[in-house]
file my_file18.csv (CSV, C-alpha atoms)
chain,number,residue,atom,x,y,z
A,156,MET,CA,17.0,-27.2,-12.7
A,157,LEU,CA,16.7,-28.3,-16.2
A,158,GLY,CA,19.6,-29.1,-18.5
A,159,THR,CA,22.0,-26.5,-19.8
A,160,ARG,CA,22.9,-25.7,-23.3
A,161,LYS,CA,25.7,-23.7,-24.9
A,162,LEU,CA,24.9,-20.3,-26.3
A,163,SER,CA,27.9,-19.8,-28.6
A,164,SER,CA,31.5,-20.6,-29.2
A,165,SER,CA,32.6,-17.9,-26.7
A,166,GLY,CA,31.9,-20.3,-23.9
A,167,SER,CA,29.1,-18.4,-22.1
A,168,ARG,CA,26.3,-20.5,-20.6
A,169,PHE,CA,22.6,-20.8,-21.0
A,170,LEU,CA,21.2,-22.0,-17.7
A,171,GLY,CA,18.1,-24.0,-17.2
A,172,VAL,CA,15.0,-22.7,-15.5
A,173,PRO,CA,15.9,-21.2,-12.1
A,174,ARG,CA,13.6,-22.1,-9.3
A,175,TYR,CA,12.8,-18.6,-8.0
A,176,GLY,CA,9.7,-18.2,-5.9
A,177,CYS,CA,7.0,-16.6,-8.0
A,178,ARG,CA,3.2,-16.6,-8.3
A,179,GLY,CA,3.1,-18.6,-11.4
A,180,SER,CA,6.1,-16.9,-13.9
A,181,LYS,CA,36.3,-9.7,-33.1
A,182,ALA,CA,38.5,-8.8,-31.2
A,183,GLY,CA,40.7,-7.8,-34.1
A,184,TRP,CA,44.5,-8.5,-34.2
A,185,PRO,CA,46.6,-5.9,-32.3
A,186,ARG,CA,46.9,-3.0,-34.7
A,187,LEU,CA,50.1,-0.9,-34.6
A,188,THR,CA,49.8,2.6,-35.9
A,189,SER,CA,52.5,4.2,-38.0
A,190,SER,CA,52.8,7.2,-35.8
A,191,ALA,CA,55.4,6.9,-33.1
A,192,GLU,CA,53.3,9.0,-30.7
A,193,ASN,CA,50.5,6.5,-30.9
A,194,GLN,CA,52.5,3.3,-31.3
A,195,PHE,CA,51.0,1.8,-28.2
A,196,SER,CA,47.3,2.4,-29.2
A,197,TRP,CA,47.1,-1.2,-30.3
A,198,THR,CA,46.4,-2.2,-26.7
A,199,LEU,CA,43.0,-0.5,-26.9
A,200,GLN,CA,42.0,-2.9,-29.6
A,201,ILE,CA,42.5,-6.0,-27.5
A,202,LYS,CA,39.7,-7.6,-25.5
A,203,PRO,CA,41.3,-8.8,-22.2
A,204,ARG,CA,39.8,-12.2,-22.5
A,205,VAL,CA,41.5,-12.9,-25.8
A,206,PHE,CA,44.9,-11.4,-24.9
A,207,ARG,CA,46.5,-14.8,-24.3
A,208,GLU,CA,45.1,-16.2,-27.5
A,209,TYR,CA,47.1,-13.8,-29.6
A,210,ARG,CA,50.2,-13.2,-27.5
A,211,ILE,CA,52.4,-15.9,-29.0
A,212,ALA,CA,51.6,-14.9,-32.6
A,213,TRP,CA,52.0,-11.2,-31.8
A,214,SER,CA,55.3,-11.8,-29.9
A,215,ARG,CA,56.8,-13.5,-33.0
A,216,SER,CA,55.6,-10.9,-35.4
A,217,TYR,CA,56.3,-7.8,-33.4
A,218,GLY,CA,59.1,-8.9,-31.1
A,219,MET,CA,61.3,-6.0,-32.1
A,220,THR,CA,58.9,-3.5,-30.6
A,221,PHE,CA,58.2,-5.5,-27.4
A,222,VAL,CA,61.1,-4.0,-25.5
A,223,ARG,CA,59.6,-0.5,-25.9
A,224,LEU,CA,56.1,-1.8,-25.0
A,225,ASN,CA,57.4,-3.2,-21.8
A,226,THR,CA,58.0,0.4,-20.6
A,227,MET,CA,54.3,1.2,-20.6
A,228,LYS,CA,52.9,2.3,-17.2
A,229,THR,CA,49.2,1.7,-17.7
A,230,TYR,CA,46.6,0.6,-20.3
A,231,ARG,CA,42.9,1.0,-20.4
A,232,TYR,CA,40.2,-1.4,-21.5
A,233,PRO,CA,38.5,-0.5,-24.8
A,234,TRP,CA,35.2,0.2,-22.9
A,235,THR,CA,36.7,2.8,-20.6
A,236,ARG,CA,36.3,5.7,-23.1
A,237,LEU,CA,33.5,7.9,-21.7
A,238,TYR,CA,30.8,9.0,-24.1
A,239,SER,CA,29.9,12.6,-24.3
A,240,THR,CA,26.4,13.8,-23.7
A,241,SER,CA,26.1,14.8,-27.3
A,242,GLN,CA,25.7,11.1,-28.1
A,243,THR,CA,22.3,9.6,-27.2
A,244,THR,CA,20.6,6.2,-27.4
A,245,VAL,CA,17.2,7.8,-26.7
A,246,ASP,CA,14.7,7.4,-29.6
A,247,SER,CA,12.5,10.6,-29.6
A,248,SER,CA,9.6,8.7,-31.2
A,249,GLU,CA,9.7,6.2,-28.3
A,250,VAL,CA,9.6,9.1,-25.8
A,251,LYS,CA,6.4,10.4,-27.4
A,252,SER,CA,4.7,7.0,-27.0
A,253,PHE,CA,5.6,6.6,-23.3
A,254,LEU,CA,4.7,10.2,-22.6
A,255,ALA,CA,1.1,9.5,-23.5
A,256,LEU,CA,1.0,6.7,-21.0
A,257,ALA,CA,2.9,8.3,-18.1
A,258,HIS,CA,-0.1,8.5,-15.8
A,259,ARG,CA,-0.9,4.8,-16.1
A,260,TRP,CA,2.2,3.2,-14.6
A,261,TRP,CA,0.6,2.2,-11.3
A,262,ASP,CA,-2.7,0.8,-12.8
A,263,GLU,CA,-2.1,-2.9,-12.1
A,264,GLN,CA,-4.9,-3.9,-14.4
A,265,GLY,CA,-4.0,-1.4,-17.2
A,266,VAL,CA,-1.5,-1.4,-20.1
A,267,TYR,CA,1.5,-2.0,-17.7
A,268,ALA,CA,-0.1,-5.0,-16.0
A,269,PRO,CA,2.5,-7.4,-17.6
A,270,LEU,CA,5.3,-5.3,-16.0
A,271,HIS,CA,3.7,-5.4,-12.6
A,272,SER,CA,3.5,-9.2,-12.9
A,273,MET,CA,7.1,-9.5,-14.2
A,274,ASN,CA,8.3,-8.3,-10.8
A,275,ASP,CA,7.6,-11.9,-9.6
A,276,LEU,CA,10.5,-13.0,-11.7
A,277,ARG,CA,12.9,-10.1,-12.2
A,278,VAL,CA,13.1,-9.0,-8.6
A,279,PRO,CA,14.3,-12.4,-7.2
A,280,PHE,CA,16.5,-12.8,-10.3
A,281,ILE,CA,18.3,-9.5,-9.5
A,282,ARG,CA,18.3,-10.1,-5.7
A,283,ASP,CA,19.7,-13.6,-5.8
A,284,ASN,CA,22.4,-12.9,-8.3
A,285,LEU,CA,23.6,-9.8,-6.4
A,286,LEU,CA,23.7,-11.7,-3.2
A,287,LYS,CA,26.2,-14.1,-4.7
A,288,THR,CA,28.8,-11.4,-4.3
A,289,VAL,CA,28.3,-10.8,-0.6
A,290,ALA,CA,29.1,-13.1,2.4
A,291,ASN,CA,26.4,-11.7,4.8
A,292,HIS,CA,23.3,-9.7,4.4
A,293,GLN,CA,20.7,-8.2,6.7
A,294,PRO,CA,17.4,-10.1,7.1
A,295,GLY,CA,14.6,-8.2,5.5
A,296,LYS,CA,17.1,-5.8,3.8
A,297,PRO,CA,19.4,-8.2,1.9
A,298,LEU,CA,20.5,-5.5,-0.6
A,299,SER,CA,21.4,-3.0,2.1
A,300,GLY,CA,24.6,-1.1,1.2
A,301,MET,CA,24.3,-1.8,-2.5
A,302,LYS,CA,23.8,0.9,-5.2
A,303,ILE,CA,21.6,0.0,-8.1
A,304,LEU,CA,20.9,2.0,-11.3
A,305,ASP,CA,17.5,1.4,-12.8
A,306,VAL,CA,17.8,2.6,-16.5
A,307,GLY,CA,14.5,3.4,-18.1
A,308,CYS,CA,12.7,3.2,-14.7
A,309,GLY,CA,9.4,4.5,-16.0
A,310,GLY,CA,7.0,5.0,-13.1
A,311,GLY,CA,9.3,3.2,-10.7
A,312,LEU,CA,7.7,-0.3,-10.9
A,313,LEU,CA,11.1,-2.0,-10.4
A,314,SER,CA,12.9,0.7,-8.4
A,315,GLU,CA,10.5,0.4,-5.5
A,316,PRO,CA,10.7,-3.3,-4.8
A,317,LEU,CA,14.5,-3.0,-5.0
A,318,GLY,CA,14.4,-0.1,-2.6
A,319,ARG,CA,12.3,-2.2,-0.2
A,320,LEU,CA,15.0,-4.8,-0.2
A,321,GLY,CA,17.4,-2.2,1.2
A,322,ALA,CA,19.2,-1.0,-1.9
A,323,SER,CA,20.0,2.6,-2.7
A,324,VAL,CA,18.4,3.1,-6.1
A,325,LEU,CA,18.8,5.7,-8.7
A,326,GLY,CA,16.1,5.5,-11.3
A,327,ILE,CA,16.5,7.4,-14.6
A,328,ASP,CA,14.2,7.9,-17.5
A,329,PRO,CA,14.2,10.4,-20.4
A,330,VAL,CA,10.5,11.0,-20.1
A,331,ASP,CA,10.0,13.8,-17.5
A,332,GLU,CA,6.3,12.8,-16.9
A,333,ASN,CA,7.4,9.3,-16.0
A,334,ILE,CA,9.8,10.6,-13.4
A,335,LYS,CA,7.1,12.8,-11.9
A,336,THR,CA,4.8,9.8,-11.6
A,337,ALA,CA,7.6,7.8,-9.9
A,338,GLN,CA,8.4,10.6,-7.5
A,339,ARG,CA,4.8,11.1,-6.6
A,340,HIS,CA,4.3,7.4,-5.9
A,341,LYS,CA,7.4,6.9,-3.7
A,342,SER,CA,6.5,10.0,-1.6
A,343,PHE,CA,3.8,8.0,0.1
A,344,ASP,CA,6.4,5.7,1.7
A,345,PRO,CA,9.0,7.7,3.8
A,346,VAL,CA,11.5,4.8,3.7
A,347,LEU,CA,11.4,4.5,-0.1
A,348,ASP,CA,11.5,8.3,-0.3
A,349,ARG,CA,14.9,8.2,1.4
A,350,ARG,CA,16.3,5.2,-0.5
A,351,ILE,CA,15.2,6.0,-4.0
A,352,GLU,CA,16.2,9.0,-6.2
A,353,TYR,CA,14.8,9.7,-9.6
A,354,ARG,CA,16.2,11.8,-12.4
A,355,ALA,CA,14.8,12.8,-15.8
A,356,CYS,CA,17.8,12.1,-18.0
A,357,SER,CA,19.4,9.6,-20.4
A,358,LEU,CA,22.1,7.1,-19.4
A,359,GLU,CA,24.7,9.0,-21.4
A,360,GLU,CA,24.2,12.1,-19.4
A,361,ILE,CA,25.4,10.5,-16.1
A,362,VAL,CA,28.3,8.4,-17.4
A,363,GLU,CA,31.1,10.8,-16.4
A,364,GLU,CA,29.7,11.6,-13.0
A,365,ALA,CA,28.8,8.0,-12.2
A,366,ALA,CA,31.7,6.1,-13.6
A,367,GLU,CA,32.2,2.8,-11.7
A,368,THR,CA,29.6,3.8,-9.1
A,369,PHE,CA,27.0,1.0,-9.1
A,370,ASP,CA,27.0,-2.6,-7.8
A,371,GLY,CA,24.2,-3.3,-10.2
A,372,VAL,CA,22.6,-1.8,-13.3
A,373,VAL,CA,19.2,-2.9,-14.5
A,374,ALA,CA,17.8,-2.3,-18.0
A,375,SER,CA,14.5,-4.2,-17.9
A,376,GLU,CA,12.4,-4.0,-21.1
A,377,VAL,CA,14.6,-1.1,-22.3
A,378,VAL,CA,17.2,-2.3,-24.9
A,379,GLU,CA,14.5,-3.0,-27.5
A,380,HIS,CA,13.7,0.8,-27.4
A,381,VAL,CA,17.1,2.3,-27.8
A,382,ILE,CA,18.6,3.5,-31.1
A,383,ASP,CA,22.2,2.4,-30.5
A,384,LEU,CA,22.5,-0.8,-28.5
A,385,GLU,CA,26.3,-0.9,-28.6
A,386,VAL,CA,26.7,2.6,-27.1
A,387,PHE,CA,24.0,1.8,-24.5
A,388,ILE,CA,25.8,-1.4,-23.3
A,389,GLN,CA,29.1,0.5,-23.2
A,390,CYS,CA,27.6,3.2,-21.0
A,391,CYS,CA,26.1,0.5,-18.7
A,392,CYS,CA,29.5,-1.1,-18.3
A,393,GLN,CA,31.1,2.3,-17.6
A,394,VAL,CA,28.9,3.1,-14.6
A,395,LEU,CA,29.3,-0.4,-13.1
A,396,LYS,CA,32.0,-1.1,-10.5
A,397,PRO,CA,34.5,-3.8,-11.5
A,398,GLY,CA,32.7,-7.1,-10.6
A,399,GLY,CA,29.3,-5.3,-10.8
A,400,ALA,CA,26.3,-7.0,-12.4
A,401,LEU,CA,24.2,-6.0,-15.3
A,402,PHE,CA,20.6,-7.3,-15.6
A,403,ILE,CA,18.6,-7.1,-18.9
A,404,THR,CA,15.2,-8.4,-19.8
A,405,THR,CA,14.1,-8.0,-23.4
A,406,ILE,CA,12.6,-9.7,-26.5
A,407,ASN,CA,14.3,-12.1,-28.9
A,408,LYS,CA,14.3,-11.2,-32.6
A,409,THR,CA,12.4,-14.2,-34.1
A,410,GLN,CA,9.4,-14.8,-36.3
A,411,LEU,CA,7.5,-16.0,-33.2
A,412,SER,CA,8.2,-12.8,-31.3
A,413,TYR,CA,6.9,-10.8,-34.3
A,414,ALA,CA,3.7,-13.0,-34.5
A,415,LEU,CA,3.0,-13.0,-30.7
A,416,GLY,CA,4.8,-9.9,-29.5
A,417,ILE,CA,3.5,-7.5,-32.1
A,418,VAL,CA,0.7,-8.9,-34.1
A,419,PHE,CA,-1.1,-10.7,-31.3
A,420,ALA,CA,-0.1,-8.6,-28.2
A,421,GLU,CA,-0.5,-5.2,-29.9
A,422,GLN,CA,-2.9,-5.6,-32.8
A,423,ILE,CA,-5.2,-8.3,-31.7
A,424,ALA,CA,-5.3,-8.8,-28.0
A,425,GLY,CA,-4.4,-5.2,-27.0
A,426,ILE,CA,-2.1,-6.5,-24.2
A,427,VAL,CA,0.2,-3.6,-24.9
A,428,PRO,CA,-0.6,-0.4,-26.9
A,429,LYS,CA,-0.1,-0.4,-30.7
A,430,GLY,CA,3.3,0.8,-31.7
A,431,THR,CA,5.0,0.0,-28.4
A,432,HIS,CA,7.6,-2.3,-30.0
A,433,THR,CA,9.5,-2.3,-33.3
A,434,TRP,CA,10.6,-5.7,-34.4
A,435,GLU,CA,13.8,-4.5,-36.0
A,436,LYS,CA,15.0,-3.3,-32.6
A,437,PHE,CA,14.6,-6.7,-31.0
A,438,VAL,CA,17.9,-8.5,-30.2
A,439,SER,CA,18.7,-12.2,-30.1
A,440,PRO,CA,20.5,-13.6,-27.0
A,441,GLU,CA,23.5,-14.5,-29.3
A,442,ASN,CA,23.8,-10.9,-30.5
A,443,LEU,CA,23.3,-9.5,-27.1
A,444,GLU,CA,26.0,-11.8,-25.6
A,445,SER,CA,28.4,-10.8,-28.3
A,446,ILE,CA,27.9,-7.1,-27.5
A,447,LEU,CA,28.2,-7.7,-23.8
A,448,GLU,CA,31.4,-9.8,-24.1
A,449,SER,CA,33.1,-7.3,-26.5
A,450,ASN,CA,32.5,-4.6,-23.9
A,451,GLY,CA,34.0,-6.2,-20.9
A,452,LEU,CA,31.1,-8.1,-19.5
A,453,SER,CA,31.0,-11.9,-18.9
A,454,VAL,CA,27.6,-13.4,-19.5
A,455,GLN,CA,26.6,-15.6,-16.6
A,456,THR,CA,23.0,-16.5,-17.3
A,457,VAL,CA,20.4,-16.3,-20.1
A,458,VAL,CA,17.0,-17.8,-19.4
A,459,GLY,CA,13.6,-17.6,-21.1
A,460,MET,CA,10.5,-15.9,-19.8
A,461,LEU,CA,7.0,-16.7,-20.9
A,462,TYR,CA,3.9,-14.6,-20.2
A,463,ASN,CA,0.4,-16.2,-20.0
A,464,PRO,CA,-2.1,-13.5,-21.1
A,465,PHE,CA,-5.0,-15.5,-19.6
A,466,SER,CA,-3.6,-15.9,-16.1
A,467,GLY,CA,-1.5,-12.7,-16.2
A,468,TYR,CA,1.5,-14.4,-14.8
A,469,TRP,CA,5.1,-14.9,-16.0
A,470,HIS,CA,7.0,-18.2,-15.9
A,471,TRP,CA,10.7,-19.2,-16.3
A,472,THR,CA,11.3,-21.4,-19.3
A,473,GLU,CA,14.3,-22.9,-21.2
A,474,ASN,CA,12.8,-21.4,-24.4
A,475,THR,CA,14.3,-18.0,-25.2
A,476,SER,CA,12.4,-17.5,-28.5
A,477,LEU,CA,10.2,-14.8,-27.0
A,478,ASN,CA,11.2,-13.0,-23.8
A,479,TYR,CA,14.4,-13.6,-21.9
A,480,ALA,CA,16.5,-12.4,-19.0
A,481,ALA,CA,20.3,-12.0,-19.0
A,482,HIS,CA,22.8,-11.5,-16.2
A,483,ALA,CA,26.4,-10.4,-16.9
A,484,VAL,CA,29.3,-9.4,-14.7
A,485,LYS,CA,31.9,-6.7,-15.4
A,486,HIS,CA,35.5,-7.9,-15.6
A,487,GLN,CA,37.8,-6.9,-12.8
A,488,ASP,CA,40.3,-4.2,-13.5
A,489,PRO,CA,43.6,-6.0,-14.4
A,490,GLY,CA,45.8,-3.2,-13.2
A,491,PRO,CA,48.8,-1.6,-14.8
A,492,ALA,CA,50.0,-3.0,-18.1
A,493,LYS,CA,53.5,-3.7,-16.8
A,494,PHE,CA,52.0,-6.6,-14.8
A,495,ALA,CA,50.0,-7.8,-17.8
A,496,LEU,CA,53.1,-7.7,-20.1
A,497,LYS,CA,55.7,-9.0,-17.6
A,498,GLU,CA,54.7,-12.6,-18.2
A,499,GLU,CA,55.0,-12.1,-22.0
A,500,ALA,CA,58.5,-10.7,-21.7
A,501,GLU,CA,59.6,-13.7,-19.7
A,502,GLU,CA,58.3,-16.0,-22.4
A,503,LEU,CA,60.3,-14.3,-25.2
call {"tool": "encode", "arguments": {"input": "my_file18.csv", "output": "structure tokens"}}
result
Amino acid sequence: MLGTRKLSSSGSRFLGVPRYGCRGSKAGWPRLTSSAENQFSWTLQIKPRVFREYRIAWSRSYGMTFVRLNTMKTYRYPWTRLYSTSQTTVDSSEVKSFLALAHRWWDEQGVYAPLHSMNDLRVPFIRDNLLKTVANHQPGKPLSGMKILDVGCGGGLLSEPLGRLGASVLGIDPVDENIKTAQRHKSFDPVLDRRIEYRACSLEEIVEEAAETFDGVVASEVVEHVIDLEVFIQCCCQVLKPGGALFITTINKTQLSYALGIVFAEQIAGIVPKGTHTWEKFVSPENLESILESNGLSVQTVVGMLYNPFSGYWHWTENTSLNYAAHAVKHQDPGPAKFALKEEAEEL
């Protein structure tokens, strides 16, 4: 493995190139409201990972109110607010673009060829990181017993190999024709037909019914197409079990990604259809990490991915200036506030 480098002051790590088998590849200060009824709402403003950082300063400034705070029974993390289905991260213009290509998902030499090839990297990346959380697994079906949500599943290119590894997979996509294509393709394999379920819907539509349901959530080549990344990440966290893993592959927002990802790939070489990507929606690893951390996820890995248009293969790389993959884990539930505040009371 190559050397590591630090991503930001938050302490998350960039790991070097993993050797997977492949063919080639703020928080603000606590804010007390003036209303007695809502005097404890400040707890919702605190990210758990920075609670200790502010506890001494807070205790000195607001010591008079601490006695009353110690009577609290529970508190909720800031990311536990469920979003209503009236909110959406789906971009209608993006839906139209993918609708026109819905019948081409399983053409391995067509416009989705890079996604087929990307499975050589992303499937082992997901599998190996999920297996870090289990002591034993079945040979041939290492992900057996795990529930995975594939957000923006398209025609099922990633859902199917995860299903073959034994996972129970729910694939969702806002494009109805994509889901029809995915359902039709999995029907040829009776085993996959049992393990994989597809639904034509957005992530926001299943948040309430699927809260803390999944061991893993995958958003591969998706976040660069949503209209509200913050809400999207919050919803991903809400459907994850405590300790569950979120996997993202996407494109960095750099001049190089514009030159190669849009000008070359779309307008010159035709590797992907014109208009597939909007550079303004690309997100840097630093910005993505900040959003993940502020919504209760701890970033474990960020690693670069490089596509060779001549060989058609993807490779891992230390360079994240184009494509990259990220793995983050949802914080464990800390339990009732009285336990979190007990130590603070003892120190006063």
call {"tool": "residues_around", "arguments": {"input": "my_file18.csv", "residues": "A:Ala366", "least_positions_apart": "4", "cutoff": "8 Å", "atoms": "all atoms listed in the file", "output": "list in words"}}
result
Val362, Gln393, Val394, Leu395 and Lys396 of chain A
call {"tool": "atom_distance", "arguments": {"input": "my_file18.csv", "atom1": "atom CA of A:Ile281", "atom2": "atom CA of A:Phe402"}}
result
6.9 Å
call {"tool": "closest_residue", "arguments": {"input": "my_file18.csv", "among": "A:Ile327, A:Leu443, A:Ala424, A:Ala337", "to": "A:Glu379", "atoms": "only C-alpha atoms"}}
result
A:Leu443
call {"tool": "residues_around", "arguments": {"input": "my_file18.csv", "residues": "stretch 432-434 of chain A", "least_positions_apart": "5", "cutoff": "12 Å", "atoms": "only C-alpha atoms", "output": "ChimeraX atom specification"}}
result
/A:246,248-249,252-253,376-382,405-418,420-422,427,439,477
call {"tool": "closest_residue", "arguments": {"input": "my_file18.csv", "among": "A:Asn284, A:Asn291, A:Gln389, A:Thr431", "to": "A:Glu448", "atoms": "all atoms listed in the file"}}
result
A:Gln389
call {"tool": "closest_residue", "arguments": {"input": "my_file18.csv", "among": "A:Glu367, A:Leu452, A:Glu315, A:Pro279", "to": "A:Phe343", "atoms": "only C-alpha atoms"}}
result
A:Glu315
call {"tool": "atom_distance", "arguments": {"input": "my_file18.csv", "atom1": "atom CA of A:Asp331", "atom2": "atom CA of A:Cys392"}}
result
24.6 Å
call {"tool": "closest_residue", "arguments": {"input": "my_file18.csv", "among": "A:Ala355, A:Cys391, A:Ala400, A:Leu447", "to": "A:Ile334", "atoms": "all atoms listed in the file"}}
result
A:Ala355
call {"tool": "closest_residue", "arguments": {"input": "my_file18.csv", "among": "A:Ser323, A:Ile423, A:Ile303, A:His486", "to": "A:Val454", "atoms": "all atoms listed in the file"}}
result
A:His486
call {"tool": "atom_distance", "arguments": {"input": "my_file18.csv", "atom1": "atom CA of A:Asn463", "atom2": "atom CA of A:Pro269"}}
result
9.4 Å
call {"tool": "axis_aligned_box", "arguments": {"input": "my_file18.csv", "around": "stretch 438-441 of chain A", "padding_each_side": "3 Å", "output": "JSON"}}
result
{"center_x": 20.7, "center_y": -11.5, "center_z": -28.6, "size_x": 11.6, "size_y": 12.0, "size_z": 9.2}
call {"tool": "closest_residue", "arguments": {"input": "my_file18.csv", "among": "A:Leu276, A:Ile426, A:Val484, A:Val306", "to": "A:Cys356", "atoms": "all atoms listed in the file"}}
result
A:Val306
call {"tool": "residues_around", "arguments": {"input": "my_file18.csv", "residues": "A:Asp283", "least_positions_apart": "2", "cutoff": "12 Å", "atoms": "all atoms listed in the file", "output": "list in words"}}
result
Pro173, Arg174, Tyr175, Gly176, Leu276, Arg277, Val278, Pro279, Phe280, Ile281, Leu285, Leu286, Lys287, Thr288, Val289, His292, Pro297, Leu298, Leu317, Leu320, Ala400, Phe402 and His482 of chain A
